[in-house]
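File shown: input_16.pdb (PDB, C-alpha atoms).
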ATOM      1  CA  MET A   1     159.700 112.137 -68.199
ATOM      2  CA  THR A   2     160.856 115.650 -69.053
ATOM      3  CA  PHE A   3     161.487 117.526 -72.275
ATOM      4  CA  SER A   4     164.765 119.471 -72.322
ATOM      5  CA  PRO A   5     165.439 120.574 -75.903
ATOM      6  CA  THR A   6     168.962 121.467 -76.986
ATOM      7  CA  ALA A   7     167.792 123.343 -80.088
ATOM      8  CA  THR A   8     164.842 125.485 -81.098
ATOM      9  CA  GLY A   9     162.038 124.227 -83.285
ATOM     10  CA  PRO A  10     160.092 120.967 -83.480
ATOM     11  CA  GLN A  11     161.719 117.933 -81.862
ATOM     12  CA  THR A  12     160.572 114.313 -82.184
ATOM     13  CA  ALA A  13     161.621 111.010 -80.677
ATOM     14  CA  THR A  14     160.268 107.532 -80.086
ATOM     15  CA  LEU A  15     160.013 105.894 -76.692
ATOM     16  CA  THR A  16     160.305 102.123 -76.906
ATOM     17  CA  ILE A  17     159.059 100.029 -73.992
ATOM     18  CA  SER A  18     160.421  96.510 -74.215
ATOM     19  CA  SER A  19     158.647  93.562 -72.682
ATOM     20  CA  ASP A  20     159.508  89.951 -71.998
ATOM     21  CA  ASP A  21     155.877  89.002 -72.559
ATOM     22  CA  PRO A  22     155.827  86.476 -75.451
ATOM     23  CA  ASP A  23     152.358  87.669 -76.524
ATOM     24  CA  GLU A  24     153.251  91.365 -76.709
ATOM     25  CA  SER A  25     155.886  93.020 -78.804
ATOM     26  CA  ALA A  26     157.704  96.184 -77.796
ATOM     27  CA  LEU A  27     155.443  99.184 -77.389
ATOM     28  CA  GLU A  28     156.436 102.368 -79.251
ATOM     29  CA  VAL A  29     155.230 105.803 -78.237
ATOM     30  CA  ALA A  30     155.770 108.851 -80.450
ATOM     31  CA  LEU A  31     157.066 111.914 -78.557
ATOM     32  CA  SER A  32     157.152 115.489 -79.775
ATOM     33  CA  GLY A  33     157.837 118.961 -78.462
ATOM     34  CA  ASN A  34     158.858 122.409 -79.584
ATOM     35  CA  GLY A  35     162.121 123.970 -78.365
ATOM     36  CA  VAL A  36     161.886 127.728 -77.778
ATOM     37  CA  HIS A  37     164.349 130.387 -76.663
ATOM     38  CA  PRO A  38     163.874 131.219 -72.977
ATOM     39  CA  PRO A  39     163.369 134.714 -71.581
ATOM     40  CA  ASP A  40     165.930 136.238 -69.188
ATOM     41  CA  ILE A  41     164.604 138.736 -66.633
ATOM     42  CA  SER A  42     166.797 141.570 -65.387
ATOM     43  CA  VAL A  43     165.719 144.054 -62.697
ATOM     44  CA  THR A  44     167.470 147.322 -61.805
ATOM     45  CA  PRO A  45     168.041 148.196 -59.009
ATOM     46  CA  LEU A  46     168.311 144.899 -57.106
ATOM     47  CA  SER A  47     167.176 146.516 -53.838
ATOM     48  CA  ILE A  48     165.930 149.876 -52.549
ATOM     49  CA  TYR A  49     166.729 151.467 -49.174
ATOM     50  CA  PHE A  50     164.563 154.498 -48.456
ATOM     51  CA  GLY A  51     166.432 155.606 -45.319
ATOM     52  CA  ASP A  52     164.715 157.411 -42.435
ATOM     53  CA  LEU A  53     161.271 158.868 -43.070
ATOM     54  CA  PRO A  54     158.867 160.379 -40.530
ATOM     55  CA  VAL A  55     155.788 158.297 -39.757
ATOM     56  CA  GLY A  56     152.888 159.582 -41.830
ATOM     57  CA  ASP A  57     155.090 160.935 -44.624
ATOM     58  CA  SER A  58     155.620 159.288 -47.994
ATOM     59  CA  SER A  59     158.763 159.132 -50.072
ATOM     60  CA  GLY A  60     158.714 159.730 -53.776
ATOM     61  CA  TYR A  61     158.510 156.707 -56.043
ATOM     62  CA  GLU A  62     161.801 155.010 -56.852
ATOM     63  CA  THR A  63     161.815 153.751 -60.446
ATOM     64  CA  VAL A  64     162.515 150.084 -61.108
ATOM     65  CA  GLU A  65     163.253 148.771 -64.607
ATOM     66  CA  VAL A  66     162.371 145.238 -65.673
ATOM     67  CA  SER A  67     163.974 144.072 -68.899
ATOM     68  CA  ASN A  68     164.047 140.889 -70.944
ATOM     69  CA  ASN A  69     167.581 140.010 -72.032
ATOM     70  CA  GLY A  70     166.544 136.637 -73.462
ATOM     71  CA  LEU A  71     165.387 135.690 -76.933
ATOM     72  CA  GLY A  72     161.940 134.430 -75.891
ATOM     73  CA  ALA A  73     158.965 136.432 -74.596
ATOM     74  CA  LEU A  74     158.874 137.190 -70.864
ATOM     75  CA  ASP A  75     155.528 136.863 -69.098
ATOM     76  CA  GLY A  76     155.188 137.679 -65.428
ATOM     77  CA  TYR A  77     153.187 139.235 -62.627
ATOM     78  CA  LEU A  78     153.961 141.927 -60.001
ATOM     79  CA  TYR A  79     152.945 141.201 -56.398
ATOM     80  CA  TYR A  80     152.375 144.038 -53.909
ATOM     81  CA  PRO A  81     154.936 144.636 -51.126
ATOM     82  CA  PRO A  82     153.943 144.985 -47.420
ATOM     83  CA  SER A  83     151.596 147.845 -46.494
ATOM     84  CA  ALA A  84     154.371 150.316 -45.546
ATOM     85  CA  PHE A  85     155.327 150.374 -49.234
ATOM     86  CA  ASP A  86     153.268 151.436 -52.233
ATOM     87  CA  LEU A  87     153.504 150.039 -55.748
ATOM     88  CA  ASP A  88     152.795 152.041 -58.904
ATOM     89  CA  THR A  89     152.699 149.460 -61.704
ATOM     90  CA  GLY A  90     153.801 152.099 -64.249
ATOM     91  CA  THR A  91     154.367 150.829 -67.781
ATOM     92  CA  CYS A  92     154.690 147.222 -66.555
ATOM     93  CA  GLY A  93     151.139 146.832 -65.272
ATOM     94  CA  HIS A  94     150.357 143.953 -62.907
ATOM     95  CA  SER A  95     150.772 141.455 -65.743
ATOM     96  CA  ILE A  96     154.128 141.862 -67.460
ATOM     97  CA  HIS A  97     154.518 140.915 -71.144
ATOM     98  CA  LEU A  98     157.895 141.745 -72.689
ATOM     99  CA  ALA A  99     159.247 140.728 -76.070
ATOM    100  CA  ALA A 100     162.954 139.969 -76.433
ATOM    101  CA  ALA A 101     164.961 143.139 -75.610
ATOM    102  CA  GLY A 102     161.799 144.763 -74.195
ATOM    103  CA  PHE A 103     161.560 146.647 -70.913
ATOM    104  CA  CYS A 104     159.056 148.352 -68.630
ATOM    105  CA  THR A 105     159.178 150.370 -65.411
ATOM    106  CA  PHE A 106     157.274 150.506 -62.137
ATOM    107  CA  GLY A 107     157.654 152.536 -58.951
ATOM    108  CA  VAL A 108     157.938 151.743 -55.257
ATOM    109  CA  ALA A 109     157.394 154.293 -52.476
ATOM    110  CA  PHE A 110     157.803 154.106 -48.690
ATOM    111  CA  ALA A 111     155.117 155.410 -46.309
ATOM    112  CA  PRO A 112     155.821 154.219 -42.750
ATOM    113  CA  THR A 113     152.849 153.868 -40.415
ATOM    114  CA  GLU A 114     154.901 153.302 -37.251
ATOM    115  CA  ALA A 115     158.411 153.962 -35.970
ATOM    116  CA  GLY A 116     161.108 151.379 -36.557
ATOM    117  CA  PRO A 117     162.741 149.451 -39.380
ATOM    118  CA  VAL A 118     160.518 148.009 -42.108
ATOM    119  CA  SER A 119     161.515 145.598 -44.850
ATOM    120  CA  GLY A 120     159.780 143.541 -47.488
ATOM    121  CA  VAL A 121     159.925 142.313 -51.042
ATOM    122  CA  VAL A 122     158.269 143.084 -54.335
ATOM    123  CA  GLU A 123     157.887 139.691 -55.990
ATOM    124  CA  ILE A 124     157.969 139.299 -59.762
ATOM    125  CA  SER A 125     156.907 135.842 -60.841
ATOM    126  CA  SER A 126     157.709 134.976 -64.451
ATOM    127  CA  ASN A 127     158.470 132.286 -66.973
ATOM    128  CA  ASP A 128     162.238 132.891 -66.655
ATOM    129  CA  PRO A 129     163.560 129.368 -66.102
ATOM    130  CA  ASP A 130     166.259 130.266 -63.561
ATOM    131  CA  LYS A 131     165.079 133.495 -61.846
ATOM    132  CA  ASN A 132     161.525 132.774 -60.801
ATOM    133  CA  PRO A 133     160.398 134.437 -58.696
ATOM    134  CA  PHE A 134     162.618 137.493 -58.802
ATOM    135  CA  LEU A 135     162.662 139.270 -55.422
ATOM    136  CA  LEU A 136     163.280 143.028 -55.164
ATOM    137  CA  TYR A 137     164.168 143.843 -51.541
ATOM    138  CA  VAL A 138     162.775 147.116 -50.137
ATOM    139  CA  SER A 139     163.458 148.664 -46.727
ATOM    140  CA  GLY A 140     163.319 151.860 -44.741
ATOM    141  CA  VAL A 141     163.017 153.213 -41.217
ATOM    142  CA  GLY A 142     159.954 154.978 -39.850
ATOM    143  CA  VAL A 143     160.946 157.722 -37.403
ATOM    144  CA  PRO A 144     158.661 159.659 -35.048
ATOM    145  CA  PRO A 145     157.252 162.807 -36.680
ATOM    146  CA  GLY A 146     159.411 165.855 -35.980
ATOM    147  CA  ASP A 147     162.579 163.794 -35.316
ATOM    148  CA  SER A 148     164.403 164.071 -38.653
ATOM    149  CA  ASP A 149     167.669 162.589 -37.348
ATOM    150  CA  ALA A 150     165.868 159.696 -35.583
ATOM    151  CA  ASP A 151     167.719 160.180 -32.267
ATOM    152  CA  GLY A 152     164.623 160.308 -30.037
ATOM    153  CA  VAL A 153     164.821 164.084 -29.504
ATOM    154  CA  THR A 154     162.397 166.226 -31.504
ATOM    155  CA  ASP A 155     163.670 168.741 -34.025
ATOM    156  CA  THR A 156     162.134 171.569 -31.964
ATOM    157  CA  GLU A 157     164.075 170.488 -28.882
ATOM    158  CA  GLU A 158     167.312 170.390 -30.907
ATOM    159  CA  GLN A 159     166.839 173.763 -32.613
ATOM    160  CA  GLY A 160     166.568 176.215 -29.738
ATOM    161  CA  PRO A 161     163.702 177.682 -27.762
ATOM    162  CA  ASP A 162     161.816 178.797 -30.890
ATOM    163  CA  GLY A 163     162.562 175.552 -32.824
ATOM    164  CA  THR A 164     164.073 177.303 -35.845
ATOM    165  CA  ASP A 165     167.799 177.745 -35.083
ATOM    166  CA  SER A 166     169.617 174.782 -36.663
ATOM    167  CA  SER A 167     172.959 175.991 -35.267
ATOM    168  CA  TYR A 168     171.708 176.310 -31.651
ATOM    169  CA  ASP A 169     174.198 174.944 -29.085
ATOM    170  CA  GLY A 170     172.240 174.767 -25.826
ATOM    171  CA  ASN A 171     174.958 172.924 -23.890
ATOM    172  CA  ASP A 172     177.742 175.246 -25.152
ATOM    173  CA  ASP A 173     180.036 172.423 -26.247
ATOM    174  CA  GLY A 174     180.771 173.919 -29.688
ATOM    175  CA  THR A 175     178.608 171.461 -31.658
ATOM    176  CA  PRO A 176     175.036 172.306 -32.689
ATOM    177  CA  ASP A 177     172.579 170.188 -30.704
ATOM    178  CA  ARG A 178     170.945 168.822 -33.882
ATOM    179  CA  GLU A 179     174.283 167.203 -34.808
ATOM    180  CA  GLN A 180     174.489 165.293 -31.500
ATOM    181  CA  ASP A 181     172.516 162.208 -30.545
ATOM    182  CA  ASN A 182     170.046 162.653 -27.719
ATOM    183  CA  VAL A 183     170.843 166.310 -26.919
ATOM    184  CA  ALA A 184     167.914 168.641 -26.372
ATOM    185  CA  SER A 185     168.066 172.446 -26.524
ATOM    186  CA  LEU A 186     165.731 173.599 -23.802
TER     187      LEU A 186
END
Kindly transcribe the structure held in the file into structure tokens.
Amino acid sequence: MTFSPTATGPQTATLTISSDDPDESALEVALSGNGVHPPDISVTPLSIYFGDLPVGDSSGYETVEVSNNGLGALDGYLYYPPSAFDLDTGTCGHSIHLAAAGFCTFGVAFAPTEAGPVSGVVEISSNDPDKNPFLLYVSGVGVPPGDSDADGVTDTEEQGPDGTDSSYDGNDDGTPDREQDNVASL
């Protein structure tokens, strides 16, 4: 048996269990419940792509806003993403409690520990009846240190013998080596 109120406030009903037993009359059970307005979670943005970041570096925190667009209180909990991402619980805290029309913010940063694509989710469990859990998708690409364009050739190799000339064109084709995939300036 479930309780699915169509209005707010106290609700009552009687459950009658009939029987064909001549010694027992119908059994009546009093039912009651309280209808409340549900919360409605909203999260902005829906996903975060951090792009390419050298292994060992850390991005800045991207701000995420959690809001309650429903009429009832929103209660929830933030779960940490995979280790390549960092969570700053901000004004939300780990346990989220938002009144109707309330909001809070938290931050997510990317700090790759190895080269390659990384993805994960920040899970927000809550009492929202139709969006629980809410999943915020996060992703980025760890690139080898010193390879800002992630083409497998170090920045020093692409920027001339001294590693500082961003317009260096070692193969004399008219395009700076740093703008070409897999071209080294040696």
In Å, rounded to a single decimal, give me how far atom CA of A:Tyr61 is from atom CA of A:Gly76.
21.5 Å
With a distance cut-off of 8 Å and all atoms listed in the file, select the neighbouring residues of A:His97, excluding the residue or stretch itself and same-chain residues fewer than 3 positions from it, and output the selection as a PDB file with C-alpha atoms, keeping the file's coordinate frame.
ATOM      1  CA  ALA A  73     158.965 136.432 -74.596  1.00  0.00           C
ATOM      2  CA  LEU A  74     158.874 137.190 -70.864  1.00  0.00           C
ATOM      3  CA  ASP A  75     155.528 136.863 -69.098  1.00  0.00           C
ATOM      4  CA  GLY A  76     155.188 137.679 -65.428  1.00  0.00           C
ATOM      5  CA  CYS A  92     154.690 147.222 -66.555  1.00  0.00           C
TER       6      CYS A  92
END
Please compute the atom CA of A:Val143-atom CA of A:Asp88 distance, one decimal, in Å.
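Computing the Euclidean distance for atom CA of A:Val143 and atom CA of A:Asp88 yields 23.7 Å.
Contact shell of A:Leu46 at 12 Å (only C-alpha atoms; same-chain neighbours under 4 positions omitted): Ile41, Ser42, Thr63, Val64, Glu65, Val66, Val121, Val122, Glu123, Phe134, Leu135, Leu136, Tyr137 and Val138 of chain A.
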Pull C-alpha atoms from the residues just selected and write them as a PDB file, in the coordinates of the input.
ATOM      1  CA  ILE A  41     164.604 138.736 -66.633  1.00  0.00           C
ATOM      2  CA  SER A  42     166.797 141.570 -65.387  1.00  0.00           C
ATOM      3  CA  THR A  63     161.815 153.751 -60.446  1.00  0.00           C
ATOM      4  CA  VAL A  64     162.515 150.084 -61.108  1.00  0.00           C
ATOM      5  CA  GLU A  65     163.253 148.771 -64.607  1.00  0.00           C
ATOM      6  CA  VAL A  66     162.371 145.238 -65.673  1.00  0.00           C
ATOM      7  CA  VAL A 121     159.925 142.313 -51.042  1.00  0.00           C
ATOM      8  CA  VAL A 122     158.269 143.084 -54.335  1.00  0.00           C
ATOM      9  CA  GLU A 123     157.887 139.691 -55.990  1.00  0.00           C
ATOM     10  CA  PHE A 134     162.618 137.493 -58.802  1.00  0.00           C
ATOM     11  CA  LEU A 135     162.662 139.270 -55.422  1.00  0.00           C
ATOM     12  CA  LEU A 136     163.280 143.028 -55.164  1.00  0.00           C
ATOM     13  CA  TYR A 137     164.168 143.843 -51.541  1.00  0.00           C
ATOM     14  CA  VAL A 138     162.775 147.116 -50.137  1.00  0.00           C
TER      15      VAL A 138
END
What is the distance, in Å and to one decimal place, between atom CA of A:Gln11 and atom CA of A:Ser25?
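That distance, rounded to one decimal, is 25.8 Å.
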Distance query A:Ser18 at most 12 Å, all atoms listed in the file, self and fewer than 3 positions along chain excluded, as a list of chain:residue names
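That gives A:Leu15, A:Asp21, A:Pro22, A:Glu24, A:Ser25, A:Ala26, A:Leu27, A:Glu28, A:Val29.
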Select, from A:Ser32, A:Asn69, A:Pro112, A:Ser19, the residue with the minimum atom-to-atom distance to A:Thr2, counting all atoms listed in the file.
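Smallest separation from A:Thr2 among the options: A:Ser32.
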Any idea what's packed within 8 Å of A:Gly51, counting all atoms listed in the file, ignoring anything in its chain fewer than 4 positions away? Could you give it as a PyMOL selection string?
chain A and resi 139-141
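Take the PyMOL selection byres ((chain A and resi 54) around 8) and apply it to this file: it picks Asp52, Leu53, Val55, Gly56, Asp57, Pro112, Ala115, Gly142, Val143, Pro144, Pro145, Gly146, Asp147 and Ser148 of chain A.
Distances from A:Ala109, A:Val118, A:Val36, A:Ala99 to A:Gly60 were compared using only C-alpha atoms, and the smallest one belongs to A:Ala109.
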If the PyMOL selection byres ((chain A and resi 3-6) around 8) were run on this exact file, what residues would it hold? Put them as an mmCIF file with C-alpha atoms, in the frame of the given file.
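Below is the file part-v6.cif, written as the result:
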data_model
loop_
_atom_site.group_PDB
_atom_site.id
_atom_site.type_symbol
_atom_site.label_atom_id
_atom_site.label_comp_id
_atom_site.auth_asym_id
_atom_site.auth_seq_id
_atom_site.Cartn_x
_atom_site.Cartn_y
_atom_site.Cartn_z
ATOM 1 C CA MET A 1 159.700 112.137 -68.199
ATOM 2 C CA THR A 2 160.856 115.650 -69.053
ATOM 3 C CA ALA A 7 167.792 123.343 -80.088
ATOM 4 C CA THR A 8 164.842 125.485 -81.098
ATOM 5 C CA GLN A 11 161.719 117.933 -81.862
ATOM 6 C CA GLY A 33 157.837 118.961 -78.462
ATOM 7 C CA ASN A 34 158.858 122.409 -79.584
ATOM 8 C CA GLY A 35 162.121 123.970 -78.365
#
Please define a box with edges along x, y and z of the file around all atoms of stretch 105-108 of chain A given in the file, extend it by 3 Å on each side, and return its centre and edge lengths in Å to one decimal, as lines of an AutoDock Vina configuration file.
center_x = 158.2
center_y = 151.5
center_z = -60.3
size_x = 7.9
size_y = 8.2
size_z = 16.2
The PyMOL selection byres ((chain A and resi 128) around 9) resolved against shown file, as a short mmCIF file (atom, residue, chain, number, x, y, z; two decimals) with C-alpha atoms, keeping the file's coordinate frame:
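Dumped everything to selection.cif:
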data_model
loop_
_atom_site.label_atom_id
_atom_site.label_comp_id
_atom_site.auth_asym_id
_atom_site.auth_seq_id
_atom_site.Cartn_x
_atom_site.Cartn_y
_atom_site.Cartn_z
CA PRO A 38 163.87 131.22 -72.98
CA PRO A 39 163.37 134.71 -71.58
CA ASP A 40 165.93 136.24 -69.19
CA ILE A 41 164.60 138.74 -66.63
CA GLY A 70 166.54 136.64 -73.46
CA LEU A 74 158.87 137.19 -70.86
CA ASP A 75 155.53 136.86 -69.10
CA GLY A 76 155.19 137.68 -65.43
CA SER A 125 156.91 135.84 -60.84
CA SER A 126 157.71 134.98 -64.45
CA ASN A 127 158.47 132.29 -66.97
CA PRO A 129 163.56 129.37 -66.10
CA ASP A 130 166.26 130.27 -63.56
CA LYS A 131 165.08 133.50 -61.85
CA ASN A 132 161.52 132.77 -60.80
CA PRO A 133 160.40 134.44 -58.70
#
Fill-in result for stretch 14-25 of chain A, N, CA, C and O atoms as a PDB file, keeping the file's coordinate frame:
ATOM      1  N   THR A  14     161.120 108.696 -80.323  1.00  0.00           N
ATOM      2  CA  THR A  14     160.268 107.532 -80.086  1.00  0.00           C
ATOM      3  C   THR A  14     160.723 106.875 -78.793  1.00  0.00           C
ATOM      4  O   THR A  14     161.916 106.624 -78.592  1.00  0.00           O
ATOM      5  N   LEU A  15     159.765 106.606 -77.927  1.00  0.00           N
ATOM      6  CA  LEU A  15     160.013 105.894 -76.692  1.00  0.00           C
ATOM      7  C   LEU A  15     159.633 104.444 -76.932  1.00  0.00           C
ATOM      8  O   LEU A  15     158.493 104.146 -77.320  1.00  0.00           O
ATOM      9  N   THR A  16     160.570 103.546 -76.721  1.00  0.00           N
ATOM     10  CA  THR A  16     160.305 102.123 -76.906  1.00  0.00           C
ATOM     11  C   THR A  16     160.299 101.454 -75.543  1.00  0.00           C
ATOM     12  O   THR A  16     161.271 101.565 -74.778  1.00  0.00           O
ATOM     13  N   ILE A  17     159.195 100.766 -75.245  1.00  0.00           N
ATOM     14  CA  ILE A  17     159.059 100.029 -73.992  1.00  0.00           C
ATOM     15  C   ILE A  17     159.131  98.543 -74.335  1.00  0.00           C
ATOM     16  O   ILE A  17     158.225  97.999 -74.981  1.00  0.00           O
ATOM     17  N   SER A  18     160.226  97.935 -73.935  1.00  0.00           N
ATOM     18  CA  SER A  18     160.421  96.510 -74.215  1.00  0.00           C
ATOM     19  C   SER A  18     159.701  95.672 -73.179  1.00  0.00           C
ATOM     20  O   SER A  18     159.506  96.098 -72.036  1.00  0.00           O
ATOM     21  N   SER A  19     159.356  94.457 -73.577  1.00  0.00           N
ATOM     22  CA  SER A  19     158.647  93.562 -72.682  1.00  0.00           C
ATOM     23  C   SER A  19     159.153  92.134 -72.899  1.00  0.00           C
ATOM     24  O   SER A  19     159.500  91.752 -74.013  1.00  0.00           O
ATOM     25  N   ASP A  20     159.154  91.363 -71.838  1.00  0.00           N
ATOM     26  CA  ASP A  20     159.508  89.951 -71.998  1.00  0.00           C
ATOM     27  C   ASP A  20     158.261  89.078 -72.146  1.00  0.00           C
ATOM     28  O   ASP A  20     158.322  87.856 -72.113  1.00  0.00           O
ATOM     29  N   ASP A  21     157.136  89.722 -72.339  1.00  0.00           N
ATOM     30  CA  ASP A  21     155.877  89.002 -72.559  1.00  0.00           C
ATOM     31  C   ASP A  21     155.884  88.424 -73.975  1.00  0.00           C
ATOM     32  O   ASP A  21     155.987  89.165 -74.947  1.00  0.00           O
ATOM     33  N   PRO A  22     155.776  87.077 -74.120  1.00  0.00           N
ATOM     34  CA  PRO A  22     155.827  86.476 -75.451  1.00  0.00           C
ATOM     35  C   PRO A  22     154.644  86.868 -76.338  1.00  0.00           C
ATOM     36  O   PRO A  22     154.734  86.779 -77.568  1.00  0.00           O
ATOM     37  N   ASP A  23     153.541  87.310 -75.740  1.00  0.00           N
ATOM     38  CA  ASP A  23     152.358  87.669 -76.524  1.00  0.00           C
ATOM     39  C   ASP A  23     152.364  89.126 -76.989  1.00  0.00           C
ATOM     40  O   ASP A  23     151.543  89.529 -77.801  1.00  0.00           O
ATOM     41  N   GLU A  24     153.237  89.937 -76.387  1.00  0.00           N
ATOM     42  CA  GLU A  24     153.251  91.365 -76.709  1.00  0.00           C
ATOM     43  C   GLU A  24     154.624  91.746 -77.246  1.00  0.00           C
ATOM     44  O   GLU A  24     155.645  91.394 -76.669  1.00  0.00           O
ATOM     45  N   SER A  25     154.619  92.507 -78.294  1.00  0.00           N
ATOM     46  CA  SER A  25     155.886  93.020 -78.804  1.00  0.00           C
ATOM     47  C   SER A  25     156.210  94.328 -78.086  1.00  0.00           C
ATOM     48  O   SER A  25     155.434  94.800 -77.266  1.00  0.00           O
TER      49      SER A  25
END
